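Here is the structure we will look at.
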There are 4 protein chains.
Amino acid sequence: MRVTLLAYTQLVDKGLPEDIASWEGSTDATILPEFAFRVCTDTTERMGEDQGFLENWISQGHETPIEHVQFTFLIEDISRVTSHQLVRHRIASFSQESQRYVSEGSGNVIPESIRMGPEHLRTLYFDAVNRTRQVYDELVRGGIRMEDARYVLTGSSLTRMVVSMNLRSLRNFLRLRLDKSAQWEIREVAQHIYMILNEKAPQAVKDLYPLWLKSV
Amino acid sequence: MRVTLLAYTQLVDKGLPEDIASWEGSTDATILPEFAFRVCTDTTERMGEDQGFLENWISQGHETPIEHVQFTFLIEDISRVTSHQLVRHRIASFSQESQRYVSEGSGNVIPESIRMGPEHLRTLYFDAVNRTRQVYDELVRGGIRMEDARYVLTGSSLTRMVVSMNLRSLRNFLRLRLDKSAQWEIREVAQHIYMILNEKAPQAVKDLYPLWLKSV
Amino acid sequence: MRVTLLAYTQLVDKGLPEDIASWEGSTDATILPEFAFRVCTDTTERMGEDQGFLENWISQGHETPIEHVQFTFLIEDISRVTSHQLVRHRIASFSQESQRYVSEGSGNVIPESIRMGPEHLRTLYFDAVNRTRQVYDELVRGGIRMEDARYVLTGSSLTRMVVSMNLRSLRNFLRLRLDKSAQWEIREVAQHIYMILNEKAPQAVKDLYPLWLKSV
Amino acid sequence: MRVTLLAYTQLVDKGLPEDIASWEGSTDATILPEFAFRVCTDTTERMGEDQGFLENWISQGHETPIEHVQFTFLIEDISRVTSHQLVRHRIASFSQESQRYVSEGSGNVIPESIRMGPEHLRTLYFDAVNRTRQVYDELVRGGIRMEDARYVLTGSSLTRMVVSMNLRSLRNFLRLRLDKSAQWEIREVAQHIYMILNEKAPQAVKDLYPLWLKSV
């Protein structure tokens, strides 16, 4: 699995209103939500990261302003099992590699429990998965369209996708998917995302640190 | 595949405002959107189904009022391939049978192209799919959790789900999924839904008839 | 203010799957979410209202299945101040009487604090509001379009709207708007809605009772 | 009215996958949607702006990938009439100056039809609006809370807000609000936004040029 930050909401270089421009040049993505908060309440001076301004508001349940920041990730080498779970999140945008038009050839996920389990189970798993891939190839060679041939592919098949969520939706995602009730693979996606957000928007995820800690 | 209408937005029996109550007792689900239109424009007399009131508004792009009607379907015996496509629709609510907690045992979809295709391809497909089901059973018997064992199951595995969408989102669904560019299985879901809506809310889907006709 | 239940998601009369049809004929709107829960976990026997099945799931944060039930209300005689707050809820559908096309003539809200306050403030308020209404009439008579004349109308002007939300979004609405930090007028809307839901879907709002109690 | 671009989705400086990093350094915000398209179809070479790659896809109705780019605007000095229309757009995030907590003092919009109209109508309008502002001040001085005093303020009162929408939602906004059926004030908001997008993401709005032209 690989999770790469592709892009996120960044302030423009010039033309910013004076009150936001005068805040010293932070690259913290939370400068925009903080500005939005101040528009609501008509205050202009900035408290800064040290004061935990945003953290305070979030802890009181005021999450609307953090929606202004959206993050875009490239998520690669996850299983179709996990992509099916991922796309259930509705306040998000997805562009997924199409199994209808892209020939399948990129490998499979092996759950830890099987990889580290008894050899005969591991062998059963590998053989069955490999068999489906061979049959897929033969179906396509035999003239069956990829969109139909893929019915024989297993949930372990690798996929990749571009995913965008705003910071509020990401917090919801992390709360649900860092939790130990989440399945290990999507929990791993959540851990990667947490670490990226912890760098780019630390104030917005500080309270989720204990949840992350328990998840790893 | 089976698509069953479970429930939809129906007027209450008593306590309705006089202007809507006086409209003769139609069971047409579009009576509510029509009332909503009239609230916007403050007119109370009703044109009735014959006049194609709602149809007119929809053809002019005014689709907001039909959001007031939501339909709930039970969709059974579709493949995981198709459920993965279905849950990409975001203005919708889904409750899907969990492969994490429900033991897999309900069969598989065979694409028409394979079922009617050359025997050796059909045999390859059946054997591979059956093999994955056997391995799934052996993995579970061997102590692997269902949520991990399912990685070996194919996209053809049957699933069932409860799906709710409002009439506007359903129209968008039908436009995309009745189209010949949609895959045959989700197109079949769309055909079933079209036929149900054609009975329960005819005015709201009349303009989609040519699309449906071409899809079957 | 008047809040009237117009419609909600009700089971169809015939054609239901056996397992749901066999549940004795409850009119409780929560029968559908309970069925949806059971589809997810593949159990069919029903616990019934006494066992608090749905209540239990909700208390554990599983709110997705209650999205399958949508309620539609007619909300009349609220101020434009409050309708502006209402339409901020995004998982909802609104049809509001248009000030662009409907001539304004239906009265104004007087906040309690002003109605019960000192006479000279009350008089100031009434005179100013009445003046704007007269000027509105004169502007329209003078040829100004209603959509422009309305700029002179006050936030106290009455409006009416049809509002639909699913049960999950309604619970979020109630949590925010029954709270004492909400303004009195939208809190009153929330109280009306709570009472309707308490009758039609009691299990789904039972835990909000203390919040409602403090709000009245 | 002032519409200022505050921020938008920008690629990160380092750590980009090779295929996207190798595309020469465009500041065009559409580089990300184009990459997302290519992930779906598994192609990596880039056509570039000249070839109108994105434009082509959009014209075929494939708008999902442009959701990955979100824009954030500061919109100032619009009327409450217009902010009420703006917040009806649901695939968007809003942070609006609160009339509950921020004392009102920033002026009023005068519709062109009134400003350029007969003097006696203009005088009526000014006097009524000014009167409501005076009464507001007296109510607040008299101890009425701002959240109640504001009921006397007119729809012409100025407000400001931070608004974020993704590029797909923005295209929908422009289609509706550049149209001549939209009211002049929100149409003006749309014109400003069009001009900003035309600079930052030209391929994504090129087809809306005729609509913009007719609107000005």
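For the structure tokens, the naming scheme is as follows: chains receive sequential letters (A, B, ...) according to their order of presentation, residues are indexed from 1 within each chain, and ligands are indexed from 1 in presentation order.
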
Dump as a VMD selection string the residues of chain B that approach chain A to within 8 Å, counting only C-alpha atoms.
chain B and resid 81 84 87 to 88 90 to 91 109 to 111 113 to 114 121 124 to 125 128 to 129 131 to 132 135 138 to 139 142 144 147 to 148 150 to 156 183

List the spatial neighbours of C:Thr43 as a PDB file with C-alpha atoms, in the first residue's frame - criterion: any atom at most 10 Å away, only C-alpha atoms, same-chain residues fewer than 6 positions off excluded.
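Okay, this is what ended up in result08.pdb:
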```
ATOM      1  CA  VAL B 102     -21.922 -12.872   7.310  1.00  0.00           C
TER       2      VAL B 102
ATOM      3  CA  ASP C  19     -39.412 -11.727   6.732  1.00  0.00           C
ATOM      4  CA  PHE C  35     -34.998  -4.391   8.516  1.00  0.00           C
ATOM      5  CA  PHE C  37     -29.865  -3.508  10.005  1.00  0.00           C
TER       6      PHE C  37
END
```

Just how far from atom CA of A:Glu34 is atom CA of A:Tyr8, in Å to one decimal?
16.2 Å

So which residues of stretch 60-140 of chain D fall under strand (DSSP E) by DSSP, listed as a ChimeraX atom specification?
/D:70-79,93-96

Write the selection just made, keeping C-alpha atoms, as a tab-separated table (two decimals), in the first residue's frame?
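File out.tsv, as written:
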```
chain	number	residue	atom	x	y	z
D	70	GLN	CA	-11.73	23.05	-4.65
D	71	PHE	CA	-11.74	26.86	-4.67
D	72	THR	CA	-12.25	29.16	-1.70
D	73	PHE	CA	-13.55	32.71	-2.12
D	74	LEU	CA	-14.13	35.62	0.20
D	75	ILE	CA	-17.38	37.28	-0.88
D	76	GLU	CA	-17.97	40.68	0.64
D	77	ASP	CA	-20.65	43.35	0.49
D	78	ILE	CA	-23.48	41.27	-0.81
D	79	SER	CA	-27.00	41.55	0.57
D	93	SER	CA	-18.99	25.07	2.51
D	94	PHE	CA	-19.94	28.42	4.01
D	95	SER	CA	-18.66	30.56	6.85
D	96	GLN	CA	-20.85	33.63	7.13
```

I'd like a table as a Markdown table: residues in stretch 121-205 of chain A with an atom no more than 12 Å from stretch 58-64 of chain D, each row giving the shortest atom pair and its distance in Å to one decimal, only C-alpha atoms counted, sorted by chain and rising residue number.
```
| residue | atom | partner | partner_atom | distance |
| --- | --- | --- | --- | --- |
| A:Val162 | CA | D:Thr64 | CA | 11.1 |
| A:Val163 | CA | D:Thr64 | CA | 11.2 |
| A:Ser164 | CA | D:Thr64 | CA | 11.1 |
```

Long-range neighbours of C:Lys200 as JSON, numbers by chain, 12 Å cut-off, only C-alpha atoms, 4 positions minimum in chain
{"B": [12], "C": [5, 7, 8, 9, 10, 26, 27, 28, 29, 30, 31, 69, 70, 71, 167, 193, 194, 195, 196, 204, 205, 206]}

Just list the residues in stretch 37-88 of chain C DSSP gives helix (DSSP H, G or I) on the backbone, as a PyMOL selection string.
chain C and resi 37-41+49-51+53-59+64-68+80-86

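Relative to atom CA of A:Phe53, atom CA of A:Trp212 is found at 22.0 Å.
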